[in-house]
Amino acid sequence: DTAAPAGGGAGRSGGRKCSPDPCPPGVPRVSGDPFPSLPSRGRRCERVMAASKPVEAAGSGDGERTPGGRWRGPLPPPRSRRPLVPAAVGRGGGKRGGRRSAGFNGRDTSKWRSRPPRTRVRGGSHAGTASPWCAAWSRRQSPLDRAQAAKNKGNKYFKAGKYEQAIQCYTEAISLCPPEKNLDLSTFYQNRAAAYEQLQKYTEVAQDCTKAVELNPKYVKALFRRAKAHEKLDNKKECLEDVTAVCILEAFQNQQSMLLADKVLKLLGKEKAKEKYKNREPLMPSPQFIKSYFSSFTDDIISQPLLKGEKSDEDKDKEGEASEVKENSGYLRAKQYMEEENYDKIISESTKEIEAKGKYMAEALLLRATFYLLIGNANAAKPDLDQVIGMEDANVKLRANALIKRGSMYMQQQQPVLSTQDFNMAADIDPQNADVYHHRGQLKILLDQIEEAVEDFDECIRLRPDSALAQAQKCFALYRQAYTGNNPLPVQVAMKGFEDVIKKFPKCAEGYALYAQALTDQQQFGKADEMYDKCIDLEPDNATTYVHKGLLQLQWKQDLDKGLELISKAIEIDNKCDFAYETMGTIEVQR
């Protein structure tokens with residue numbers, strides 16, 4: 001502080017109270033004071049200047065102040081000529097001052113909150129560089145504040161799609177964050193995992209999410225991101241564990257996580273089932289399933305009943321006369337066992353015909369391959385089907401049937417290209433075979449090629465107008481096309497088509513079943529339940545219908561007990577019904 005001028009007031013740290021007059025008696029006025037409306041600041045400047053330079057007399061050509069403090073005469077000097085405060089006085093008089101001062105109006109300002117200077121310099125040789133004040137301010141920040149600043153910078157890079165720079169910022173935040181700040185540190189790891197995810201670096205995503213979860217075990221966002229990374233890395237078990245934890249923490253309210261859990265559960269179930277089936281003893285399905293399978297073919301020679309003269313035993317005809325035994329053939333015995341529903345002996349009898357290279361060798365190969373497929377042994381079925389297809393002199397119906405079955409096998413193995421090739425080849429060698437178009441239409445539905453599926457069903461109906469299955473499945477294809485297109489009018493037309501089919505073919509259980517599925521989609525649950533009841537009346541031994549009806553109870557009334565009761569009934573009817581076991585297992589897991 002400077003000493004008070006003679007005849008004037010005290011200095012900044014002086015003891016006496018300043019006069020309320022803007023310019024106390026005895027202190028000359030300073031021309032050019034740019035703050036005439038700030039008495040305290042004006043007094044301070046005036047005292048300083050009175051002690052540091054001569055003062056012009058009042059009334060000079062530069063103008064003067066009136067006793068009331070107003071300026072009279074020419075304008076004040078420009079701002080660049082403003083008197084400067086000597087360094088001895090300091091800048092600590094205001095809220096933004098950084099140095100300790102004796103006080104502002106008698107108050108201690110040393111504890112006033114200071115504000116860092118701006119770091120950006122416009123123009124000049126120092127443009128873009130931080131000032132010493134900025135560096136000092138940065139050193140005064142806590143490590144957590146610096147880590148948060150790095151994270152915020154990383155968020156800006158992330159939003160701009162600059163993921164590499166974002167990762168660098170998040171890494172800096174991780175290194176700066178105190179280790180005891182678990183929640184903040186887990187957020188930094190999760191943010192870096194999100195940037196890695198955008199770069200498809202799923203291993204790094206899983207690693208960072210793991211660190212985030214270790215720091216915060218209920219961090220839902222990190223758990224779900226790690227689940228998605230495990231899905232990409234084909235770690236189904238780990239993915240299922242994480243997404244299940246997410247569903248539990250979210251109280252099963254997030255549809256996205258529940259869909260992922262259902263998807264992974266099915267994939268994992270298929271994988272486990274495939275491993276189990278490798279070591280499982282081949283098991284013949286139920287008679288009802290076998291009869292339903294063969295009923296889907298109309299031009300299948302091997303499923304046709306034996307003619308009277310072909311019977312290999314001495315069965316009696318209606319007149320009580322013995323049938324003539326024409327040949328001692330393994331294939332004919334196998335056909336006889338088919339009529340008796342003694343399916344376990346068919347493969348062995350067909351093998352005898354093949355080993356003997358008998359007259360019905362092509363038929364025996366196709367029959368044996370068909371039952372290999374029915375018991376789930378595709379590896380054994382394929383060589384027999386290949387051999388039949390390669391027999392140029394064999395009946396074209398046999399070769400076309402073998403192509404249909406091999407194409408269906410390829411579709412089950414998720415090889416749609418090979419499947420399509422076989423169906424197209426079957427249509428080329430036997431264009432008048434309705435079975436080709438019927439089964440190829442089913443393939444097209446699975447491939448979501450609805451228009452082509454409808455064309456195939458139309459061709460099948462043209463060749464066999466009495467094909468109730470083809471007409472029912474055509475209605476279902478049209479319904480799928482309209483339903484996915486979200487167009488109400490075509491949906492109504494397709495539903496009317498179902499009504500026409502079941503009216504024209506009242507004994508076709510498949511028509512009622514497909515109609516019931518469409519009604520369920522339309523949430524017409526009561527009518528759908530009636531359709532399933534009619535299916536059961538027509539085919540009381542069809543276990544699949546009971547499973548569908550059980551699922552309807554769950555969706556319609558959320559009646560878990562009734563649904564499980566119907567599925568259990570399906571297992572009682574057919575204890576080899578895989579669909580019933582799979583559905584019950586899925587329900588139990590979800591419960």
# chains A, B, ... in the order shown; residues from 1 in each chain; ligands from 1
>>> select_by_dssp(residues="segment 158-372 of chain A", states="alpha helix (DSSP H)", output="ChimeraX atom specification")
/A:158-159,163-176,182-198,202-215,220-232,236-249,255-278,287-295,330-339,346-355,361-372
>>> residues_around(residues="Gln190 of chain A", least_positions_apart="6", cutoff="8 Å", atoms="only C-alpha atoms", output="MDAnalysis selection string")
chainID A and resid 208:209 212 221:222
>>> write_last_selection(atoms="C-alpha atoms", output="CSV table (one decimal), in the first residue's frame")
chain,number,residue,atom,x,y,z
A,208,ASP,CA,-13.3,-53.7,-19.9
A,209,CYS,CA,-16.9,-54.6,-19.0
A,212,ALA,CA,-16.5,-52.4,-14.7
A,221,LYS,CA,-25.2,-51.4,-18.7
A,222,ALA,CA,-21.8,-53.1,-18.4
>>> residues_around(residues="segment 437-449 of chain A", least_positions_apart="4", cutoff="7 Å", atoms="only C-alpha atoms", output="PyMOL selection string")
chain A and resi 423+453-454+456-457+459-460+470+477
>>> closest_residue(among="A:Ser419, A:Gln412, A:Ser292, A:Gln168", to="Leu373 of chain A", atoms="only C-alpha atoms")
A:Gln412
>>> residues_around(residues="segment 226-238 of chain A", least_positions_apart="4", cutoff="8 Å", atoms="only C-alpha atoms", output="list in words")
Glu197, Tyr202, Thr203, Val205, Ala206, Cys209, Thr210, Ala222, Asp242, Val243, Val264, Leu267 and Leu268 of chain A
>>> residues_around(residues="segment 333-337 of chain A", least_positions_apart="5", cutoff="8 Å", atoms="only C-alpha atoms", output="short mmCIF file (atom, residue, chain, number, x, y, z; two decimals) with C-alpha atoms, in the first residue's frame")
data_model
loop_
_atom_site.label_atom_id
_atom_site.label_comp_id
_atom_site.auth_asym_id
_atom_site.auth_seq_id
_atom_site.Cartn_x
_atom_site.Cartn_y
_atom_site.Cartn_z
CA ILE A 302 -42.93 -96.56 -51.18
CA PRO A 305 -50.15 -100.03 -49.93
CA LEU A 306 -49.19 -103.45 -51.28
CA LYS A 311 -48.20 -109.86 -50.27
CA SER A 312 -45.45 -112.11 -48.99
CA ASN A 342 -44.32 -102.61 -37.12
CA TYR A 343 -41.81 -99.94 -38.07
CA LYS A 345 -38.21 -104.07 -38.63
CA ILE A 346 -38.34 -101.99 -41.81
CA ILE A 347 -34.68 -100.95 -41.95
CA GLU A 349 -35.72 -105.95 -44.11
CA SER A 350 -34.82 -103.23 -46.59
#
>>> residues_around(residues="Tyr479 of chain A", least_positions_apart="4", cutoff="7 Å", atoms="only C-alpha atoms", output="PyMOL selection string")
chain A and resi 475+483+491+494
>>> closest_atom_pairs(of="segment 183-295 of chain A", to="segment 374-380 of chain A", cutoff="8 Å", atoms="only C-alpha atoms", output="Markdown table")
| residue | atom | partner | partner_atom | distance |
| --- | --- | --- | --- | --- |
| A:Pro282 | CA | A:Ile375 | CA | 5.6 |
| A:Leu283 | CA | A:Ile375 | CA | 5.4 |
| A:Met284 | CA | A:Ile375 | CA | 5.1 |
| A:Pro285 | CA | A:Ile375 | CA | 6.5 |
| A:Ile290 | CA | A:Leu374 | CA | 7.6 |
>>> closest_residue(among="A:Ile167, A:Asn542, A:Asp574, A:Glu250", to="Glu204 of chain A", atoms="only C-alpha atoms")
A:Ile167
>>> atom_distance(atom1="atom CA of Trp556 of chain A", atom2="atom CA of Leu514 of chain A")
17.4 Å
>>> atom_distance(atom1="atom CA of Arg406 of chain A", atom2="atom CA of Gln304 of chain A")
20.0 Å
